[in-house]
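*Asks:* So that we are looking at the same thing, I have put the structure below in structure tokens.
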Amino acid sequence: MICPVCKVDMIIVEYHDIELDMCAECKGVWFDSGELELMLQTHQAEGIGEFLEEMRNSPDAKTDEKKLKCPICGKKMDKKDVGKEPEVLIDTCDRGHGLWFDGGEVVQLSNQFSSGTAGHPDNPAVGFLEEFFGTPE
């Protein structure tokens, strides 16, 4: 799969039989449809369903940031502000193919998730996200 930002091949990172696509250049990560839910549900994170539904239903963000193309269908993705203050700007394929997080955005969102009622800082999935998808250097 090609990174929508850098236009280079991404590497596959496996976590509990879930294959995530990560760009070694920009540290962005692509979650195919259902992968983020599956990763967090693997560790019984309470409230994950409501959190993800809110994320999917959030309105399009008002931003001048360039729209990226979905690495699966090639159509421009929507920009969504998700999470609590500060909100995280993510890219979503409106055809349901998945979610794109720029480098560091996965950790920002996982920090918000782990500090809320939906998760816990000791959640192994949150720890994995923070360790593996940390802010780009």
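Letters for chains follow the order of the structure tokens (A, B, ...), residue numbers begin at 1 for each chain, and ligand numbers begin at 1 in the order shown.
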Hey, what's within 12 Å of Asp9 (chain A) if we count only C-alpha atoms and toss same-chain stuff fewer than 2 positions away? As a ChimeraX atom specification, please?

*Replies:* /A:1-7,11-12,21-26,28-29,71

*Asks:* Got a sec: who's within 7 Å of region 91-94 of chain A, counting only C-alpha atoms, leaving out chain neighbours fewer than 3 positions off, as a list in words?

*Replies:*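 Returned residues: Cys70, Met77, Asp78, Lys79, Lys80, His97, Gly98, Leu99, Trp100 and Phe101 of chain A.
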
*Asks:* Take the residues from that selection and put them in a file with N, CA and C atoms, as a PDB file, in the first residue's frame.

*Replies:*
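Just written: selection33.pdb:
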ATOM      1  N   CYS A  70      -7.515   8.306  -0.480  1.00  0.00           N
ATOM      2  CA  CYS A  70      -7.584   6.992   0.161  1.00  0.00           C
ATOM      3  C   CYS A  70      -6.608   6.049  -0.543  1.00  0.00           C
ATOM      4  N   MET A  77     -10.276  11.876   0.736  1.00  0.00           N
ATOM      5  CA  MET A  77     -10.857  11.539   2.031  1.00  0.00           C
ATOM      6  C   MET A  77     -11.372  12.794   2.721  1.00  0.00           C
ATOM      7  N   ASP A  78     -12.310  12.588   3.660  1.00  0.00           N
ATOM      8  CA  ASP A  78     -12.838  13.672   4.474  1.00  0.00           C
ATOM      9  C   ASP A  78     -11.895  13.923   5.639  1.00  0.00           C
ATOM     10  N   LYS A  79     -11.862  15.164   6.103  1.00  0.00           N
ATOM     11  CA  LYS A  79     -11.101  15.535   7.298  1.00  0.00           C
ATOM     12  C   LYS A  79     -12.088  15.633   8.453  1.00  0.00           C
ATOM     13  N   LYS A  80     -11.749  15.020   9.580  1.00  0.00           N
ATOM     14  CA  LYS A  80     -12.616  15.036  10.754  1.00  0.00           C
ATOM     15  C   LYS A  80     -11.819  15.472  11.972  1.00  0.00           C
ATOM     16  N   HIS A  97     -13.450   2.646   3.646  1.00  0.00           N
ATOM     17  CA  HIS A  97     -12.247   1.816   3.533  1.00  0.00           C
ATOM     18  C   HIS A  97     -11.341   1.900   4.751  1.00  0.00           C
ATOM     19  N   GLY A  98     -11.360   3.020   5.482  1.00  0.00           N
ATOM     20  CA  GLY A  98     -10.514   3.105   6.659  1.00  0.00           C
ATOM     21  C   GLY A  98     -10.216   4.518   7.103  1.00  0.00           C
ATOM     22  N   LEU A  99      -9.215   4.610   8.000  1.00  0.00           N
ATOM     23  CA  LEU A  99      -8.818   5.866   8.638  1.00  0.00           C
ATOM     24  C   LEU A  99      -7.323   6.086   8.459  1.00  0.00           C
ATOM     25  N   TRP A 100      -6.927   7.323   8.198  1.00  0.00           N
ATOM     26  CA  TRP A 100      -5.520   7.689   8.111  1.00  0.00           C
ATOM     27  C   TRP A 100      -5.187   8.638   9.251  1.00  0.00           C
ATOM     28  N   PHE A 101      -4.131   8.303   9.988  1.00  0.00           N
ATOM     29  CA  PHE A 101      -3.611   9.156  11.050  1.00  0.00           C
ATOM     30  C   PHE A 101      -2.226   9.624  10.639  1.00  0.00           C
TER      31      PHE A 101
END

*Asks:* For each of A:Leu68, A:Ala61, A:Val106, A:Leu36, take the minimum atom-to-atom distance to Glu19 (chain A), counting only C-alpha atoms, then give the residue where this is smallest.

*Replies:* A:Leu36

*Asks:* If you run DSSP on this backbone, which residues of region 61-92 of chain A come out as strand (DSSP E or B), and could you give them as a ChimeraX atom specification?

*Replies:* /A:69,76,78-82,88-92

*Asks:* Could you work out how far CA of Thr63 (chain A) lies from CA of Asp81 (chain A), giving the answer in Å with one decimal?

*Replies:*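 About the pair CA of Asp81 (chain A) and CA of Thr63 (chain A): they are 9.7 Å apart.
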
*Asks:* DSSP on the backbone: which residues in region 83-115 of chain A end up as helix (DSSP H, G or I)? Give the answer as JSON, numbers by chain.

*Replies:* {"A": [105, 106, 107, 108, 109, 110, 111, 112, 113, 114, 115]}

*Asks:* Determine, counting only C-alpha atoms, which protein, DNA and RNA residues have an atom within 8 Å of an atom of Val82 (chain A); residues of the same chain fewer than 3 positions away are not included. Present the result as a list in words.

*Replies:*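 Counting only C-alpha atoms, the residues come to Met55, Ser58, Glu87, Val88, Leu89 and Ile90 of chain A.
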